[in-house]
>>> print(open('coords24.cif').read())   # mmCIF, C-alpha atoms and all ligand atoms
data_run
#
loop_
_atom_site.label_atom_id
_atom_site.label_comp_id
_atom_site.auth_asym_id
_atom_site.auth_seq_id
_atom_site.Cartn_x
_atom_site.Cartn_y
_atom_site.Cartn_z
CA MET A 1 100.65 82.80 136.25
CA THR A 2 103.87 84.70 135.73
CA VAL A 3 103.17 87.49 138.20
CA PHE A 4 105.22 87.30 141.36
CA ASN A 5 104.95 89.31 144.56
CA SER A 6 107.40 90.45 147.22
CA SER A 7 106.67 87.44 149.43
CA GLN A 8 108.42 85.31 146.75
CA ASN A 9 111.71 87.16 147.03
CA ASN A 10 113.33 84.54 149.26
CA SER A 11 114.88 81.10 149.03
CA SER A 12 111.99 79.19 150.57
CA ALA A 13 109.59 80.66 147.98
CA ALA A 14 112.03 79.54 145.26
CA ASP A 15 112.09 76.07 146.82
CA ASP A 16 108.29 76.02 146.86
CA LEU A 17 108.21 76.91 143.17
CA ASP A 18 110.59 74.04 142.50
CA ALA A 19 108.50 71.62 144.53
CA ALA A 20 105.46 72.52 142.40
CA ASP A 21 107.35 72.35 139.08
CA PRO A 22 106.00 69.53 136.87
CA LEU A 23 109.38 69.30 135.11
CA LYS A 24 111.52 69.22 138.27
CA ASP A 25 112.65 65.62 137.82
CA PHE A 26 114.29 66.31 134.47
CA ARG A 27 117.25 68.03 136.11
CA ALA A 28 118.43 64.62 137.37
CA GLN A 29 118.75 63.48 133.75
CA PHE A 30 121.58 65.99 133.14
CA GLU A 31 125.19 66.25 134.25
CA ILE A 32 125.53 69.57 136.06
CA PRO A 33 129.09 71.00 136.06
CA LYS A 34 130.60 71.13 139.55
CA THR A 35 132.45 73.81 141.51
CA LYS A 36 135.92 73.14 143.01
CA GLU A 37 134.12 72.22 146.23
CA GLY A 38 131.95 69.71 144.40
CA SER A 39 128.59 71.47 144.50
CA ASP A 40 126.48 72.19 141.42
CA CYS A 41 127.52 75.24 139.42
CA LEU A 42 124.86 77.80 138.67
CA TYR A 43 124.71 77.11 134.95
CA PHE A 44 122.94 79.73 132.85
CA CYS A 45 124.61 79.09 129.50
CA GLY A 46 122.04 76.88 127.78
CA HIS A 47 121.85 79.57 125.09
CA SER A 48 125.48 78.80 124.28
CA LEU A 49 126.05 75.12 125.06
CA GLY A 50 123.30 73.05 126.64
CA LEU A 51 124.19 70.52 129.32
CA MET A 52 124.79 66.85 128.68
CA PRO A 53 121.92 64.42 129.18
CA LYS A 54 123.40 61.55 131.23
CA GLN A 55 122.02 58.94 128.84
CA THR A 56 123.94 60.47 125.93
CA ARG A 57 127.13 58.80 127.14
CA GLN A 58 125.54 55.35 126.70
CA VAL A 59 123.85 56.27 123.43
CA ILE A 60 127.17 57.31 121.89
CA ALA A 61 128.97 54.36 123.47
CA ALA A 62 126.42 52.04 121.83
CA GLU A 63 127.47 53.33 118.41
CA CYS A 64 131.16 52.85 119.31
CA ASP A 65 130.29 49.28 120.34
CA ALA A 66 128.45 48.71 117.06
CA TRP A 67 131.41 50.07 115.11
CA GLY A 68 133.80 47.85 117.08
CA ALA A 69 131.66 44.75 116.64
CA LEU A 70 130.39 45.24 113.10
CA GLY A 71 132.72 47.56 111.22
CA VAL A 72 131.11 48.67 107.97
CA GLU A 73 128.18 46.27 108.49
CA GLY A 74 126.96 48.69 111.17
CA HIS A 75 125.39 50.65 108.33
CA PHE A 76 122.84 47.83 108.06
CA ASP A 77 123.08 45.69 111.19
CA ALA A 78 123.59 48.10 114.08
CA LYS A 79 120.60 48.30 116.41
CA HIS A 80 120.02 51.73 114.89
CA PRO A 81 121.48 51.17 111.41
CA TRP A 82 123.69 54.03 110.27
CA LEU A 83 122.41 54.20 106.71
CA PRO A 84 119.00 55.60 107.65
CA TYR A 85 120.16 56.97 111.06
CA HIS A 86 119.10 60.56 110.37
CA GLU A 87 115.56 59.33 109.78
CA PHE A 88 115.33 58.27 113.43
CA LEU A 89 115.44 61.97 114.34
CA THR A 90 112.89 63.25 111.86
CA GLU A 91 109.73 62.86 113.93
CA GLY A 92 111.35 64.41 117.01
CA LEU A 93 112.49 67.37 114.94
CA THR A 94 109.02 67.90 113.46
CA ARG A 95 107.75 68.40 117.01
CA ILE A 96 110.55 70.83 117.84
CA VAL A 97 110.01 73.15 114.86
CA GLY A 98 106.37 72.48 113.95
CA ALA A 99 106.91 70.86 110.59
CA GLN A 100 105.85 67.90 108.48
CA SER A 101 108.18 64.90 108.18
CA GLU A 102 109.37 65.69 104.67
CA GLU A 103 110.29 69.25 105.70
CA VAL A 104 113.03 68.61 108.30
CA VAL A 105 116.44 67.02 108.31
CA ALA A 106 119.46 66.93 110.62
CA MET A 107 122.65 67.61 108.69
CA ASN A 108 125.93 69.57 108.64
CA GLY A 109 126.66 72.64 110.77
CA LEU A 110 124.47 75.70 111.10
CA THR A 111 126.39 78.15 108.91
CA THR A 112 126.81 75.45 106.26
CA ASN A 113 123.05 74.91 106.22
CA LEU A 114 122.45 78.64 106.04
CA HIS A 115 124.59 78.83 102.92
CA LEU A 116 122.82 75.83 101.39
CA MET A 117 119.47 77.51 101.97
CA LEU A 118 120.70 80.83 100.59
CA VAL A 119 121.84 79.08 97.43
CA SER A 120 118.23 78.01 96.92
CA PHE A 121 116.27 80.91 98.36
CA TYR A 122 118.40 83.98 97.66
CA ARG A 123 117.92 84.46 93.92
CA PRO A 124 118.73 88.12 93.42
CA THR A 125 117.89 90.03 90.27
CA LYS A 126 118.96 93.50 89.21
CA ASN A 127 115.85 95.02 90.75
CA LYS A 128 115.26 92.65 93.62
CA PHE A 129 118.45 91.80 95.47
CA LYS A 130 118.22 93.05 99.05
CA ILE A 131 118.37 90.98 102.22
CA LEU A 132 116.90 92.25 105.48
CA ILE A 133 118.67 91.11 108.65
CA GLU A 134 119.19 92.48 112.18
CA ASN A 135 122.05 94.92 112.75
CA ASN A 136 123.24 92.96 115.78
CA THR A 137 123.00 89.61 114.08
CA PHE A 138 125.44 86.86 115.04
CA PRO A 139 128.59 87.58 113.01
CA SER A 140 128.49 84.28 111.12
CA ASP A 141 125.04 85.16 109.75
CA LYS A 142 126.29 88.53 108.57
CA TYR A 143 129.36 86.95 106.97
CA ALA A 144 127.10 84.44 105.25
CA VAL A 145 124.70 87.00 103.74
CA ASP A 146 127.52 89.40 102.82
CA SER A 147 129.41 86.66 101.05
CA GLN A 148 126.27 85.47 99.25
CA ALA A 149 125.59 89.00 98.03
CA ARG A 150 129.19 89.27 96.80
CA PHE A 151 128.96 85.82 95.22
CA HIS A 152 126.06 87.09 93.10
CA GLY A 153 127.97 90.24 92.19
CA TYR A 154 126.31 92.69 94.60
CA ASP A 155 127.92 95.05 97.06
CA PRO A 156 126.84 94.03 100.58
CA ASN A 157 126.71 97.72 101.53
CA GLU A 158 123.83 98.07 99.09
CA ALA A 159 122.34 94.62 99.30
CA ILE A 160 122.16 94.11 103.05
CA ILE A 161 119.65 96.15 105.04
CA GLU A 162 120.23 96.11 108.74
CA LEU A 163 117.32 96.47 111.05
CA ARG A 164 118.31 98.44 114.15
CA PRO A 165 116.78 99.75 117.34
CA ARG A 166 116.15 103.51 117.46
CA ASP A 167 118.88 105.61 119.03
CA GLY A 168 118.96 105.06 122.77
CA GLU A 169 116.72 101.97 122.56
CA LEU A 170 117.67 98.34 123.12
CA ARG A 171 115.17 96.49 120.96
CA VAL A 172 113.80 96.79 117.47
CA ARG A 173 110.28 98.18 117.41
CA GLU A 174 107.88 95.99 115.51
CA GLU A 175 106.53 98.98 113.59
CA ASP A 176 110.08 99.78 112.44
CA LEU A 177 110.51 96.24 111.16
CA GLU A 178 107.25 96.55 109.23
CA GLU A 179 108.28 99.94 107.91
CA GLN A 180 111.61 98.59 106.63
CA ILE A 181 109.87 95.73 104.87
CA ALA A 182 107.44 98.17 103.23
CA LYS A 183 110.19 100.68 102.37
CA HIS A 184 112.44 98.14 100.64
CA GLY A 185 109.64 95.79 99.55
CA ASP A 186 110.12 96.24 95.82
CA GLN A 187 113.83 95.43 96.06
CA LEU A 188 113.60 92.87 98.82
CA ALA A 189 114.66 89.35 97.81
CA LEU A 190 114.92 87.84 101.28
CA ILE A 191 114.19 88.42 104.96
CA MET A 192 116.51 86.37 107.15
CA LEU A 193 116.26 86.97 110.89
CA GLY A 194 117.79 85.29 113.91
CA ASN A 195 114.86 84.32 116.08
CA CYS A 196 115.29 84.92 118.97
CA ASN A 197 118.02 87.46 118.41
CA TYR A 198 121.22 86.02 119.90
CA LEU A 199 122.14 89.16 121.82
CA SER A 200 118.94 90.82 122.97
CA GLY A 201 116.76 87.70 123.18
CA GLN A 202 114.06 89.55 121.24
CA CYS A 203 111.68 87.25 119.43
CA PHE A 204 110.01 88.50 116.27
CA ASP A 205 106.55 87.45 115.11
CA PHE A 206 107.25 84.63 112.65
CA LYS A 207 103.79 84.53 111.11
CA LYS A 208 103.44 88.25 110.59
CA ILE A 209 106.93 88.69 109.15
CA THR A 210 106.42 85.77 106.80
CA GLU A 211 103.13 87.21 105.57
CA LEU A 212 104.66 90.65 105.10
CA GLY A 213 107.67 89.23 103.25
CA HIS A 214 105.46 87.18 100.97
CA SER A 215 103.23 90.18 100.27
CA HIS A 216 106.35 91.74 98.70
CA ASP A 217 107.36 88.54 96.89
CA ALA A 218 110.34 88.11 99.19
CA MET A 219 111.49 84.79 100.61
CA VAL A 220 111.47 84.49 104.40
CA GLY A 221 113.88 82.35 106.40
CA PHE A 222 114.86 82.18 110.03
CA ASN A 223 117.98 81.20 111.90
CA LEU A 224 116.67 79.29 114.90
CA ALA A 225 119.99 78.84 116.70
CA HIS A 226 118.29 80.46 119.70
CA GLY A 227 114.81 79.26 118.85
CA ALA A 228 114.99 75.48 118.44
CA GLY A 229 114.12 73.78 121.72
CA ASN A 230 113.35 77.20 123.22
CA LEU A 231 110.41 78.67 121.30
CA GLU A 232 107.10 77.14 120.40
CA LEU A 233 107.35 76.88 116.61
CA SER A 234 104.91 76.15 113.77
CA LEU A 235 107.10 76.69 110.74
CA HIS A 236 104.83 74.78 108.39
CA ASP A 237 101.63 76.58 109.37
CA TRP A 238 103.37 79.94 109.32
CA ASN A 239 104.47 79.26 105.72
CA VAL A 240 108.08 80.04 106.51
CA ASP A 241 110.16 79.27 103.40
CA PHE A 242 113.21 77.87 105.15
CA ALA A 243 114.89 77.69 108.53
CA VAL A 244 118.18 76.46 109.95
CA TRP A 245 119.31 75.81 113.49
CA CYS A 246 122.07 74.30 115.58
CA SER A 247 121.38 71.72 118.24
CA TYR A 248 124.10 72.39 120.79
CA LYS A 249 122.24 75.16 122.62
CA TYR A 250 118.74 74.43 123.92
CA LEU A 251 118.72 71.05 122.17
CA ASN A 252 121.63 69.77 124.29
CA SER A 253 123.33 67.71 121.58
CA GLY A 254 126.90 68.57 122.60
CA PRO A 255 129.67 70.82 121.29
CA GLY A 256 129.54 71.28 117.53
CA GLY A 257 126.42 69.08 117.43
CA ILE A 258 124.67 68.42 114.15
CA ALA A 259 122.49 71.21 112.77
CA GLY A 260 119.05 71.13 111.20
CA ALA A 261 117.20 72.52 108.22
CA PHE A 262 113.58 73.08 107.27
CA VAL A 263 112.27 73.66 103.76
CA HIS A 264 108.56 74.30 103.38
CA LYS A 265 106.61 71.67 101.47
CA ASN A 266 105.67 74.37 98.93
CA HIS A 267 109.28 74.28 97.72
CA LEU A 268 109.90 70.54 97.77
CA GLY A 269 110.35 68.88 94.41
CA ARG A 270 110.59 72.21 92.60
CA ALA A 271 112.80 71.69 89.57
CA ASP A 272 113.28 75.46 89.17
CA LEU A 273 114.95 75.83 92.57
CA PRO A 274 118.74 75.64 92.39
CA ARG A 275 120.55 73.63 95.04
CA PHE A 276 124.07 72.52 95.82
CA GLU A 277 123.96 68.74 95.77
CA GLY A 278 125.80 65.68 97.02
CA TRP A 279 125.29 61.92 97.06
CA TRP A 280 123.27 61.86 100.29
CA GLY A 281 120.57 63.83 98.49
CA THR A 282 119.95 61.23 95.82
CA ASN A 283 117.28 58.52 95.68
CA LYS A 284 118.05 56.01 98.45
CA GLU A 285 117.04 53.03 96.31
CA THR A 286 119.68 53.77 93.69
CA ARG A 287 122.32 55.64 95.71
CA PHE A 288 124.76 52.75 95.67
CA LYS A 289 124.37 52.21 91.95
CA MET A 290 126.79 55.15 91.78
CA GLN A 291 125.01 56.85 88.91
CA SER A 292 126.53 60.01 87.52
CA GLN A 293 123.26 62.01 87.57
CA ILE A 294 121.47 62.82 90.79
CA ASP A 295 117.88 61.68 91.25
CA PRO A 296 116.91 64.06 94.08
CA ILE A 297 114.94 62.78 97.06
CA PRO A 298 111.56 64.55 96.86
CA THR A 299 111.90 65.91 100.40
CA VAL A 300 114.24 68.29 102.25
CA GLU A 301 116.67 65.37 102.28
CA ALA A 302 117.59 66.44 98.74
CA TRP A 303 119.64 69.19 100.41
CA GLN A 304 121.85 66.62 102.19
CA LEU A 305 125.39 66.46 100.90
CA SER A 306 127.41 63.93 102.88
CA ASN A 307 126.76 60.81 104.88
CA PRO A 308 126.15 62.25 108.36
CA PRO A 309 128.25 61.94 111.56
CA ILE A 310 126.59 59.13 113.48
CA PHE A 311 127.96 60.05 116.93
CA GLN A 312 126.46 63.51 116.60
CA LEU A 313 123.16 62.16 115.35
CA ALA A 314 123.18 59.75 118.29
CA ALA A 315 123.66 62.61 120.76
CA LEU A 316 120.79 64.55 119.24
CA ARG A 317 118.55 61.48 119.16
CA SER A 318 119.21 61.02 122.86
CA SER A 319 118.29 64.63 123.57
CA LEU A 320 115.14 64.55 121.43
CA GLU A 321 113.90 61.62 123.52
CA ILE A 322 114.01 63.89 126.56
CA PHE A 323 112.14 66.64 124.72
CA ASP A 324 109.46 64.12 123.82
CA GLN A 325 109.13 63.06 127.45
CA ALA A 326 109.02 66.66 128.69
CA LYS A 327 106.83 68.01 125.82
CA MET A 328 107.49 71.38 124.24
CA SER A 329 104.27 72.91 125.62
CA ARG A 330 105.36 72.17 129.22
CA ILE A 331 108.90 73.39 128.50
CA VAL A 332 107.47 76.66 127.18
CA ALA A 333 105.16 77.06 130.20
CA LYS A 334 108.10 76.62 132.58
CA ARG A 335 110.30 78.85 130.43
CA ASN A 336 107.81 81.69 130.78
CA LYS A 337 107.55 81.29 134.53
CA LEU A 338 111.25 80.79 135.18
CA SER A 339 112.38 83.76 133.08
CA SER A 340 109.67 85.90 134.65
CA TYR A 341 110.91 84.91 138.10
CA LEU A 342 114.42 85.95 137.07
CA GLU A 343 113.08 89.26 135.78
CA PHE A 344 111.09 89.79 138.98
CA LEU A 345 114.06 89.04 141.27
CA LEU A 346 116.37 91.28 139.25
CA SER A 347 113.98 94.19 139.49
CA GLU A 348 113.25 93.62 143.21
CA ASN A 349 116.89 93.19 144.26
CA VAL A 350 119.13 95.00 141.80
CA GLY A 351 116.73 97.06 139.70
CA GLN A 352 118.88 100.19 139.99
CA PHE A 353 121.99 98.38 138.70
CA VAL A 354 120.56 96.65 135.64
CA GLU A 355 118.67 97.40 132.48
CA ILE A 356 116.93 94.45 130.87
CA MET A 357 117.37 94.38 127.07
CA THR A 358 115.07 91.45 126.45
CA PRO A 359 111.38 92.24 125.88
CA ALA A 360 109.03 91.79 128.82
CA PHE A 361 106.85 88.70 129.00
CA VAL A 362 103.49 89.17 127.29
CA GLU A 363 100.75 86.63 127.90
CA GLY A 364 99.69 84.94 124.66
CA ALA A 365 102.58 86.32 122.58
CA GLN A 366 106.10 84.99 122.16
CA LYS A 367 108.25 88.08 122.62
CA ARG A 368 111.22 86.22 124.10
CA GLY A 369 112.53 82.78 124.95
CA ALA A 370 114.41 81.57 128.03
CA MET A 371 117.30 84.02 127.89
CA LEU A 372 117.40 87.43 129.52
CA SER A 373 120.08 89.88 128.41
CA VAL A 374 120.92 92.50 130.95
CA ARG A 375 123.06 95.61 130.70
CA MET A 376 125.03 96.29 133.87
CA LYS A 377 125.12 99.92 134.89
CA GLN A 378 128.16 99.35 137.14
CA ASP A 379 131.51 98.06 135.87
CA PRO A 380 130.79 94.33 135.43
CA LYS A 381 134.42 93.16 135.96
CA LYS A 382 134.07 92.50 139.69
CA LEU A 383 130.87 90.57 139.06
CA ILE A 384 132.56 88.44 136.43
CA SER A 385 135.41 87.52 138.76
CA VAL A 386 132.98 86.64 141.58
CA PHE A 387 131.01 84.49 139.15
CA ALA A 388 134.22 82.62 138.30
CA GLU A 389 135.05 82.08 142.02
CA ARG A 390 131.55 80.97 142.96
CA GLY A 391 130.85 78.63 140.06
CA VAL A 392 128.38 80.80 138.17
CA ILE A 393 128.52 80.07 134.46
CA LEU A 394 126.90 82.65 132.23
CA ASP A 395 127.93 84.77 129.35
CA PHE A 396 129.41 88.26 129.22
CA ARG A 397 129.56 90.37 126.06
CA GLU A 398 131.55 93.58 125.93
CA PRO A 399 131.04 96.17 127.10
CA ASP A 400 128.38 95.48 129.72
CA ILE A 401 125.95 92.74 128.66
CA LEU A 402 125.24 89.63 130.71
CA ARG A 403 123.25 86.94 128.97
CA MET A 404 121.63 84.38 131.23
CA ALA A 405 119.31 81.60 130.20
CA PRO A 406 117.47 79.54 132.79
CA ALA A 407 116.87 76.38 130.76
CA PRO A 408 113.57 74.78 131.76
CA LEU A 409 114.85 71.21 131.52
CA TYR A 410 117.61 71.57 134.09
CA ASN A 411 117.51 74.98 135.79
CA SER A 412 115.55 75.45 138.98
CA TYR A 413 113.86 78.45 140.58
CA ARG A 414 116.45 78.09 143.33
CA ASP A 415 119.25 78.47 140.74
CA VAL A 416 117.63 81.72 139.66
CA PHE A 417 117.28 82.95 143.24
CA ASP A 418 120.91 82.10 144.10
CA LEU A 419 122.18 83.84 140.96
CA VAL A 420 120.36 87.07 141.76
CA GLN A 421 121.63 86.93 145.36
CA ILE A 422 125.20 86.90 144.08
CA ILE A 423 124.52 89.81 141.73
CA LYS A 424 122.93 91.66 144.67
CA GLU A 425 125.86 91.05 147.05
CA VAL A 426 128.39 92.29 144.50
CA SER A 427 126.29 95.24 143.29
CA HIS A 428 125.64 96.55 146.79
CA ALA A 429 129.21 95.98 148.05
C1 LIG A 501 122.55 83.05 115.69
C2 LIG A 501 123.74 82.19 115.38
N1 LIG A 501 124.12 82.06 114.08
C3 LIG A 501 125.20 81.31 113.74
C4 LIG A 501 125.97 80.69 114.71
C5 LIG A 501 127.16 79.90 114.26
O1 LIG A 501 126.92 78.56 114.38
P1 LIG A 501 127.86 77.41 113.75
O2 LIG A 501 129.23 77.62 114.29
O3 LIG A 501 127.23 76.17 114.32
O4 LIG A 501 127.77 77.50 112.28
C6 LIG A 501 125.60 80.80 116.06
C7 LIG A 501 126.41 80.16 117.11
O5 LIG A 501 126.29 80.38 118.28
C8 LIG A 501 124.47 81.59 116.40
O6 LIG A 501 124.10 81.76 117.66
#
>>> encode(input="coords24.cif", output="structure tokens", more="lines below")
Ligand SMILES: Cc1ncc(COP(=O)(O)O)c(C=O)c1O
Amino acid sequence: MTVFNSSQNNSSAADDLDAADPLKDFRAQFEIPKTKEGSDCLYFCGHSLGLMPKQTRQVIAAECDAWGALGVEGHFDAKHPWLPYHEFLTEGLTRIVGAQSEEVVAMNGLTTNLHLMLVSFYRPTKNKFKILIENNTFPSDKYAVDSQARFHGYDPNEAIIELRPRDGELRVREEDLEEQIAKHGDQLALIMLGNCNYLSGQCFDFKKITELGHSHDAMVGFNLAHGAGNLELSLHDWNVDFAVWCSYKYLNSGPGGIAGAFVHKNHLGRADLPRFEGWWGTNKETRFKMQSQIDPIPTVEAWQLSNPPIFQLAALRSSLEIFDQAKMSRIVAKRNKLSSYLEFLLSENVGQFVEIMTPAFVEGAQKRGAMLSVRMKQDPKKLISVFAERGVILDFREPDILRMAPAPLYNSYRDVFDLVQIIKEVSHA
């Protein structure tokens, strides 16, 4: 289904693919940024900030209206009362990450949640204190694990093991990942990987890594900043210990949108697990009795600290409705086809000018998500300036990496074709 042939290297073939796309009508539910001339930009930055669902404006406005009309009583009397508002997102989130209701919660920002999870799941001892991460992890993740190691009195240079591709290679080999886990197993306290990796788009095998980690008595957690709303996930069944994610990328909840956290049921209610706590984590029945001792909620909600930002929850609730209409399985099917079309067009039209970092599509395995990262063999500066002139929005990382994510909910095959045409014109000029 994802194999294309030379007869599809033209705009009418791209239009035909769009006409046959079961998700084609979802694009109309999003605001697409416009060029100076008023046409749609070619937006390939869903891996950075997803586009705005049109209905989100009304959903947020409804909460402003409730605030205006009800003041503090909105906590109880708003159409979607603010007190339990985060609960309205729980079921949608279980479908996004493959979890049970008591295992997921929307709260805080991503790095905050990562720290909260590390407080509980990174419990180093003299002999078992190492954390395995990727060498090209997103800087905030590295800062978080480094600072946690220091907080516990360890030198990050000793405590943090960075998984890296072999010299001259762009991706981590799975056998090298397994070898690192085996090599450091005795001292390994935690495996914490970004999945997919933010830079290369490489997706690691959640189930296998979790099993391997557990076989060495290490905890296993994932940062799903690039996975939530992009990958097909079964965190509960895979026995992942914890996960965190943001919602402003593929989940389209808006800039700085509220993040999420998953804690496996195996760890819920464990009195031996330390946790940083706040009043939103205490028993809801007695919360307003203002007791001085916490009575933790027996679910992941025990990790909540503060009463949550309702406008952000509203934006995510709006977006999750669209995911429920579209269904993750259909999003994933289109993701595979759309990213494969991008890969096919790049190799047909500009193969000699680009090197694709992201793993190739493999039927039946999740080796990547929507994003393709591409190294430009020519100086990319001209390309970047043409992108700016022609309304192409994607992401450039020094020195030569373009990251482009066709997002299945709003990108079309024609978008992909037009993007590659621009790269071709500039590359061949
Ligand atoms: C993999 C990864 N980790 C962490 C972050 C930081 O997220 P936040 O600023 O929401 O804490 C990002 C943001 O893009 C990211 O992609």
>>> residues_near_ligand(input="coords24.cif", ligand="ligand LIG 501 (chain A)", cutoff="7 Å", atoms="only C-alpha atoms and all ligand atoms", output="PyMOL selection string")
chain A and resi 48+109-112+137-138+140-141+194+197-198+223+225-226+246+256
>>> closest_residue(input="coords24.cif", among="A:Asn230, A:Ser339, A:Thr299, A:Gln421", to="His47 of chain A", atoms="only C-alpha atoms")
A:Asn230
>>> residues_near_point(input="coords24.cif", point="(127.4, 96.6, 132.6)", cutoff="10 Å", atoms="only C-alpha atoms", output="VMD selection string")
chain A and resid 353 to 355 374 to 381 383 396 to 402
>>> atom_distance(input="coords24.cif", atom1="atom CA of Ser234 of chain A", atom2="atom CA of Val105 of chain A")
15.7 Å
>>> atom_distance(input="coords24.cif", atom1="atom CA of Asp167 of chain A", atom2="atom CA of Asn135 of chain A")
12.8 Å
>>> closest_residue(input="coords24.cif", among="A:His216, A:Asp395, A:Lys207, A:Leu23", to="Val332 of chain A", atoms="all atoms listed in the file")
A:Leu23
>>> atom_distance(input="coords24.cif", atom1="atom CA of Thr90 of chain A", atom2="atom CA of Glu321 of chain A")
11.8 Å
>>> residues_around(input="coords24.cif", residues="segment 32-46 of chain A", least_positions_apart="2", cutoff="10 Å", atoms="only C-alpha atoms", output="ChimeraX atom specification")
/A:27-30,48-54,226,230,248-252,370-371,387-395,403-412,414-416,418-419
>>> closest_residue(input="coords24.cif", among="A:Ile331, A:Val300, A:Val240, A:Ile161", to="Arg275 of chain A", atoms="all atoms listed in the file")
A:Val300
>>> closest_residue(input="coords24.cif", among="A:Gln312, A:Asn113, A:Gln55, A:Ser11", to="Phe262 of chain A", atoms="only C-alpha atoms")
A:Asn113
>>> residues_around(input="coords24.cif", residues="Thr282 of chain A", least_positions_apart="4", cutoff="9 Å", atoms="all atoms listed in the file", output="list in words")
Glu277, Gly278, Thr286, Arg287, Gln293, Ile294, Asp295, Pro296, Ile297, Glu301, Ala302 and Gln304 of chain A
>>> residues_around(input="coords24.cif", residues="His152 of chain A", least_positions_apart="2", cutoff="12 Å", atoms="only C-alpha atoms", output="ChimeraX atom specification")
/A:118-119,122-126,129-130,145-150,154-156,159
>>> write_last_selection(input="coords24.cif", atoms="C-alpha atoms", output="PDB file, in the coordinates of the input")
ATOM      1  CA  LEU A 118     120.700  80.830 100.590  1.00  0.00           C
ATOM      2  CA  VAL A 119     121.840  79.080  97.430  1.00  0.00           C
ATOM      3  CA  TYR A 122     118.400  83.980  97.660  1.00  0.00           C
ATOM      4  CA  ARG A 123     117.920  84.460  93.920  1.00  0.00           C
ATOM      5  CA  PRO A 124     118.730  88.120  93.420  1.00  0.00           C
ATOM      6  CA  THR A 125     117.890  90.030  90.270  1.00  0.00           C
ATOM      7  CA  LYS A 126     118.960  93.500  89.210  1.00  0.00           C
ATOM      8  CA  PHE A 129     118.450  91.800  95.470  1.00  0.00           C
ATOM      9  CA  LYS A 130     118.220  93.050  99.050  1.00  0.00           C
ATOM     10  CA  VAL A 145     124.700  87.000 103.740  1.00  0.00           C
ATOM     11  CA  ASP A 146     127.520  89.400 102.820  1.00  0.00           C
ATOM     12  CA  SER A 147     129.410  86.660 101.050  1.00  0.00           C
ATOM     13  CA  GLN A 148     126.270  85.470  99.250  1.00  0.00           C
ATOM     14  CA  ALA A 149     125.590  89.000  98.030  1.00  0.00           C
ATOM     15  CA  ARG A 150     129.190  89.270  96.800  1.00  0.00           C
ATOM     16  CA  TYR A 154     126.310  92.690  94.600  1.00  0.00           C
ATOM     17  CA  ASP A 155     127.920  95.050  97.060  1.00  0.00           C
ATOM     18  CA  PRO A 156     126.840  94.030 100.580  1.00  0.00           C
ATOM     19  CA  ALA A 159     122.340  94.620  99.300  1.00  0.00           C
TER      20      ALA A 159
END
>>> closest_residue(input="coords24.cif", among="A:Ser253, A:Asn336, A:Thr210, A:Gln202", to="Arg317 of chain A", atoms="all atoms listed in the file")
A:Ser253
>>> closest_residue(input="coords24.cif", among="A:Ile160, A:Val350, A:Ile96, A:Ala19", to="Gln187 of chain A", atoms="only C-alpha atoms")
A:Ile160
>>> residues_around(input="coords24.cif", residues="Val426 of chain A", least_positions_apart="2", cutoff="8 Å", atoms="all atoms listed in the file", output="list in words")
Lys382, Leu383, Val386, Ile422, Ile423, Lys424, His428 and Ala429 of chain A
>>> axis_aligned_box(input="coords24.cif", around="segment 75-89 of chain A", padding_each_side="4 Å", output="JSON")
{"center_x": 120.4, "center_y": 53.8, "center_z": 111.6, "size_x": 18.1, "size_y": 24.3, "size_z": 17.7}
>>> residues_near_point(input="coords24.cif", point="(116.4, 81.4, 100.4)", cutoff="10 Å", atoms="all atoms listed in the file", output="list in words")
Leu114, His115, Leu116, Met117, Leu118, Val119, Ser120, Phe121, Tyr122, Arg123, Pro124, Ile131, Ala189, Leu190, Ile191, Met192, Ala218, Met219, Val220, Gly221, Phe222, Asp241, Phe242, Ala243, Val263 and Leu273 of chain A
>>> residues_around(input="coords24.cif", residues="Arg173 of chain A", least_positions_apart="3", cutoff="12 Å", atoms="all atoms listed in the file", output="list in words")
Glu134, Leu163, Arg164, Pro165, Arg166, Asp167, Glu169, Leu170, Asp176, Leu177, Glu178, Glu179, Gln180, Gln202, Cys203, Phe204, Asp205, Pro359 and Lys367 of chain A
>>> closest_atom_pairs(input="coords24.cif", of="segment 201-280 of chain A", to="segment 181-184 of chain A", cutoff="9 Å", atoms="all atoms listed in the file", output="Markdown table")
| residue | atom | partner | partner_atom | distance |
| --- | --- | --- | --- | --- |
| A:Ile209 | CA | A:Ile181 | CA | 8.7 |
| A:Leu212 | CA | A:Ile181 | CA | 7.3 |
| A:Gly213 | CA | A:Ile181 | CA | 7.1 |
| A:His216 | CA | A:Ala182 | CA | 7.9 |
>>> decode(input="coords24.cif", residues="segment 151-155 of chain A", atoms="N, CA and C atoms", output="short mmCIF file (atom, residue, chain, number, x, y, z; two decimals), in the first residue's frame")
data_model
loop_
_atom_site.label_atom_id
_atom_site.label_comp_id
_atom_site.auth_asym_id
_atom_site.auth_seq_id
_atom_site.Cartn_x
_atom_site.Cartn_y
_atom_site.Cartn_z
N PHE A 151 21.11 15.97 41.53
CA PHE A 151 20.25 16.10 42.72
C PHE A 151 20.46 14.93 43.68
N HIS A 152 20.70 13.75 43.09
CA HIS A 152 20.91 12.55 43.94
C HIS A 152 22.39 12.36 44.29
N GLY A 153 23.22 13.33 43.89
CA GLY A 153 24.63 13.25 44.28
C GLY A 153 25.52 12.50 43.31
N TYR A 154 25.05 12.30 42.06
CA TYR A 154 25.87 11.59 41.08
C TYR A 154 26.37 12.56 40.01
N ASP A 155 27.50 12.21 39.45
CA ASP A 155 28.07 13.00 38.37
C ASP A 155 27.41 12.56 37.06
#
